[in-house]
file input03.cif (mmCIF, C-alpha atoms)
data_structure
#
loop_
_atom_site.group_PDB
_atom_site.id
_atom_site.type_symbol
_atom_site.label_atom_id
_atom_site.label_comp_id
_atom_site.auth_asym_id
_atom_site.auth_seq_id
_atom_site.Cartn_x
_atom_site.Cartn_y
_atom_site.Cartn_z
ATOM 1 C CA MET A 1 107.064 83.109 92.233
ATOM 2 C CA ASN A 2 104.987 84.425 95.116
ATOM 3 C CA GLY A 3 107.963 85.402 97.257
ATOM 4 C CA TYR A 4 109.692 84.147 100.367
ATOM 5 C CA ALA A 5 108.670 83.526 103.951
ATOM 6 C CA ILE A 6 111.749 83.608 106.169
ATOM 7 C CA VAL A 7 111.524 82.116 109.651
ATOM 8 C CA LEU A 8 114.337 83.265 111.947
ATOM 9 C CA ALA A 9 114.617 81.005 115.003
ATOM 10 C CA SER A 10 118.374 81.118 115.718
ATOM 11 C CA GLU A 11 120.140 83.911 117.560
ATOM 12 C CA ASP A 12 123.439 83.238 115.753
ATOM 13 C CA ILE A 13 124.320 86.520 114.127
ATOM 14 C CA GLU A 14 125.719 84.805 111.029
ATOM 15 C CA LYS A 15 122.369 83.124 110.368
ATOM 16 C CA ILE A 16 120.357 86.280 111.006
ATOM 17 C CA GLN A 17 122.760 88.320 108.897
ATOM 18 C CA ALA A 18 122.550 85.841 105.990
ATOM 19 C CA ALA A 19 118.757 85.733 106.143
ATOM 20 C CA SER A 20 118.551 89.530 106.197
ATOM 21 C CA MET A 21 120.805 89.709 103.133
ATOM 22 C CA ILE A 22 118.700 87.185 101.222
ATOM 23 C CA GLY A 23 115.484 88.922 102.217
ATOM 24 C CA SER A 24 116.869 92.359 101.405
ATOM 25 C CA ILE A 25 117.996 91.366 97.927
ATOM 26 C CA ALA A 26 114.642 89.715 97.243
ATOM 27 C CA ALA A 27 112.677 92.758 98.421
ATOM 28 C CA ALA A 28 114.924 95.108 96.424
ATOM 29 C CA SER A 29 114.154 92.887 93.415
ATOM 30 C CA ASP A 30 110.438 93.464 94.057
ATOM 31 C CA ILE A 31 109.915 89.923 95.369
ATOM 32 C CA PRO A 32 107.571 89.863 98.396
ATOM 33 C CA VAL A 33 109.199 88.800 101.658
ATOM 34 C CA GLU A 34 107.584 87.994 105.012
ATOM 35 C CA VAL A 35 110.046 87.632 107.908
ATOM 36 C CA PHE A 36 108.928 85.911 111.123
ATOM 37 C CA VAL A 37 111.335 86.303 114.065
ATOM 38 C CA THR A 38 110.720 83.690 116.736
ATOM 39 C CA MET A 39 112.347 81.721 119.553
ATOM 40 C CA ASN A 40 115.943 82.719 120.385
ATOM 41 C CA ALA A 41 116.264 84.917 117.298
ATOM 42 C CA LEU A 42 114.259 87.553 119.173
ATOM 43 C CA ASN A 43 117.232 87.962 121.550
ATOM 44 C CA ALA A 44 119.334 89.483 118.764
ATOM 45 C CA PHE A 45 116.656 92.116 118.114
ATOM 46 C CA GLU A 46 116.477 93.384 121.713
ATOM 47 C CA THR A 47 117.436 97.063 121.848
ATOM 48 C CA GLU A 48 120.065 96.501 124.533
ATOM 49 C CA THR A 49 121.673 93.646 122.589
ATOM 50 C CA VAL A 50 121.921 95.730 119.420
ATOM 51 C CA GLU A 51 123.255 98.791 121.244
ATOM 52 C CA ARG A 52 126.009 96.711 122.877
ATOM 53 C CA ASN A 53 126.698 94.573 119.774
ATOM 54 C CA ASP A 54 126.340 91.633 122.146
ATOM 55 C CA PHE A 55 125.543 88.950 119.601
ATOM 56 C CA LYS A 56 126.023 85.188 119.643
ATOM 57 C CA GLY A 57 128.115 83.768 116.842
ATOM 58 C CA GLY A 58 131.302 82.223 115.587
ATOM 59 C CA ARG A 59 134.378 83.341 113.661
ATOM 60 C CA VAL A 60 132.479 85.195 110.947
ATOM 61 C CA ALA A 61 130.540 87.145 113.583
ATOM 62 C CA GLU A 62 133.766 88.111 115.327
ATOM 63 C CA ALA A 63 135.329 89.169 112.035
ATOM 64 C CA MET A 64 132.234 91.113 111.020
ATOM 65 C CA MET A 65 132.109 93.052 114.291
ATOM 66 C CA SER A 66 135.800 93.914 114.302
ATOM 67 C CA ALA A 67 136.390 94.491 110.573
ATOM 68 C CA SER A 68 137.505 97.948 109.569
ATOM 69 C CA ASP A 69 138.200 97.278 105.899
ATOM 70 C CA VAL A 70 134.953 95.442 105.050
ATOM 71 C CA GLN A 71 131.746 97.192 105.997
ATOM 72 C CA VAL A 72 128.746 94.906 106.408
ATOM 73 C CA PRO A 73 125.522 96.638 107.407
ATOM 74 C CA LEU A 74 124.016 95.121 110.532
ATOM 75 C CA PHE A 75 120.910 92.979 109.944
ATOM 76 C CA THR A 76 118.676 95.612 111.530
ATOM 77 C CA ASP A 77 119.870 98.221 109.029
ATOM 78 C CA GLN A 78 119.528 95.768 106.139
ATOM 79 C CA LEU A 79 115.944 94.954 107.070
ATOM 80 C CA GLU A 80 115.000 98.623 107.443
ATOM 81 C CA GLN A 81 116.572 99.470 104.064
ATOM 82 C CA ALA A 82 114.843 96.506 102.433
ATOM 83 C CA LYS A 83 111.471 97.652 103.752
ATOM 84 C CA ASP A 84 112.113 101.031 102.117
ATOM 85 C CA LEU A 85 113.095 99.423 98.809
ATOM 86 C CA GLY A 86 110.502 96.724 98.311
ATOM 87 C CA PRO A 87 107.748 94.485 99.628
ATOM 88 C CA MET A 88 108.992 93.250 103.009
ATOM 89 C CA THR A 89 107.148 92.811 106.291
ATOM 90 C CA VAL A 90 108.864 91.798 109.551
ATOM 91 C CA TYR A 91 106.932 90.183 112.407
ATOM 92 C CA ALA A 92 107.856 89.317 115.995
ATOM 93 C CA CYS A 93 106.421 86.067 117.339
ATOM 94 C CA THR A 94 103.734 86.754 119.924
ATOM 95 C CA MET A 95 104.207 83.453 121.768
ATOM 96 C CA ALA A 96 107.981 83.841 122.133
ATOM 97 C CA MET A 97 107.556 87.452 123.279
ATOM 98 C CA ASP A 98 105.011 86.318 125.873
ATOM 99 C CA LEU A 99 107.403 83.623 127.134
ATOM 100 C CA LEU A 100 110.171 86.218 127.459
ATOM 101 C CA GLY A 101 107.870 88.760 129.082
ATOM 102 C CA ASN A 102 108.653 91.275 126.319
ATOM 103 C CA THR A 103 106.678 93.704 124.200
ATOM 104 C CA LEU A 104 107.585 95.328 120.886
ATOM 105 C CA ASP A 105 108.998 98.233 122.916
ATOM 106 C CA ASP A 106 111.852 95.948 124.040
ATOM 107 C CA TYR A 107 113.120 95.548 120.474
ATOM 108 C CA VAL A 108 114.729 97.725 117.844
ATOM 109 C CA ASP A 109 112.198 99.446 115.626
ATOM 110 C CA VAL A 110 112.253 96.962 112.752
ATOM 111 C CA PHE A 111 109.040 95.030 113.409
ATOM 112 C CA ASP A 112 105.858 95.951 111.591
ATOM 113 C CA ALA A 113 103.741 94.001 114.064
ATOM 114 C CA GLU A 114 103.645 90.980 116.324
ATOM 115 C CA LEU A 115 102.034 87.862 114.979
ATOM 116 C CA GLY A 116 101.246 84.307 116.041
ATOM 117 C CA VAL A 117 102.300 81.214 114.137
ATOM 118 C CA ALA A 118 98.849 80.705 112.608
ATOM 119 C CA GLY A 119 98.834 84.252 111.249
ATOM 120 C CA PHE A 120 102.297 83.837 109.814
ATOM 121 C CA LEU A 121 101.409 80.523 108.181
ATOM 122 C CA GLU A 122 98.439 82.200 106.524
ATOM 123 C CA ARG A 123 100.747 84.865 105.065
ATOM 124 C CA ALA A 124 103.350 82.255 104.076
ATOM 125 C CA GLN A 125 101.064 79.725 102.399
ATOM 126 C CA ASP A 126 101.904 80.752 98.824
ATOM 127 C CA LYS A 127 105.595 81.517 99.445
ATOM 128 C CA ASN A 128 108.837 79.573 99.472
ATOM 129 C CA VAL A 129 109.771 79.045 103.120
ATOM 130 C CA ILE A 130 113.326 79.537 104.353
ATOM 131 C CA PHE A 131 113.914 78.352 107.917
ATOM 132 C CA VAL A 132 116.972 79.734 109.705
#
call {"tool": "encode", "arguments": {"input": "input03.cif", "output": "structure tokens"}}
result
Amino acid sequence: MNGYAIVLASEDIEKIQAASMIGSIAAASDIPVEVFVTMNALNAFETETVERNDFKGGRVAEAMMSASDVQVPLFTDQLEQAKDLGPMTVYACTMAMDLLGNTLDDYVDVFDAELGVAGFLERAQDKNVIFV
């Protein structure tokens, strides 16, 4: 296998959290992972959103944020740890950032670079794609 290309387009914390877990386990298993954060998913990575824990989501998100007996690392921490453990690269979508009027400085420090769709597709061409 040549790895995974994960496209995060949803801002639902459950979806982002699940994708970060899958990507983290793959990277820790020495499986290459490319993560492309685009569309509304970028909202969850904004520094202010993370600092306030102001995420969109359902019952699992509510339980995750209020749980005291089950500790689930936040997706940002999972992605950072995964990058330390194995082959993972995380990109912010240039087009979506332009539409939002944002730069990488507006987001938590998890992105390796910004990238357009064509660049991501080039990196993803030999990988299994997971769209979230």
call {"tool": "residues_around", "arguments": {"input": "input03.cif", "residues": "A:Val108", "least_positions_apart": "5", "cutoff": "12 Å", "atoms": "all atoms listed in the file", "output": "ChimeraX atom specification"}}
result
/A:42-51,75-77,79-80,90,92,103
call {"tool": "residues_around", "arguments": {"input": "input03.cif", "residues": "A:Lys83", "least_positions_apart": "3", "cutoff": "10 Å", "atoms": "only C-alpha atoms", "output": "VMD selection string"}}
result
chain A and resid 23 to 24 27 to 28 33 77 to 80 86 to 90 110 112
call {"tool": "atom_distance", "arguments": {"input": "input03.cif", "atom1": "atom CA of A:Met65", "atom2": "atom CA of A:Ala19"}}
result
17.3 Å
call {"tool": "residues_around", "arguments": {"input": "input03.cif", "residues": "stretch 3-15 of chain A", "least_positions_apart": "6", "cutoff": "8 Å", "atoms": "only C-alpha atoms", "output": "ChimeraX atom specification"}}
result
/A:23,26,31-44,55-58,60-61,124,126-132
call {"tool": "atom_distance", "arguments": {"input": "input03.cif", "atom1": "atom CA of A:Glu62", "atom2": "atom CA of A:Phe111"}}
result
25.7 Å
call {"tool": "atom_distance", "arguments": {"input": "input03.cif", "atom1": "atom CA of A:Asp98", "atom2": "atom CA of A:Val117"}}
result
13.1 Å
call {"tool": "resolve_selection", "arguments": {"input": "input03.cif", "expression": "the PyMOL selection byres ((chain A and resi 116) around 7)", "output": "PyMOL selection string"}}
result
chain A and resi 93-95+115+117-120
call {"tool": "axis_aligned_box", "arguments": {"input": "input03.cif", "around": "stretch 13-20 of chain A", "padding_each_side": "4 Å", "output": "JSON"}}
result
{"center_x": 122.1, "center_y": 86.3, "center_z": 110.1, "size_x": 15.2, "size_y": 14.4, "size_z": 16.1}
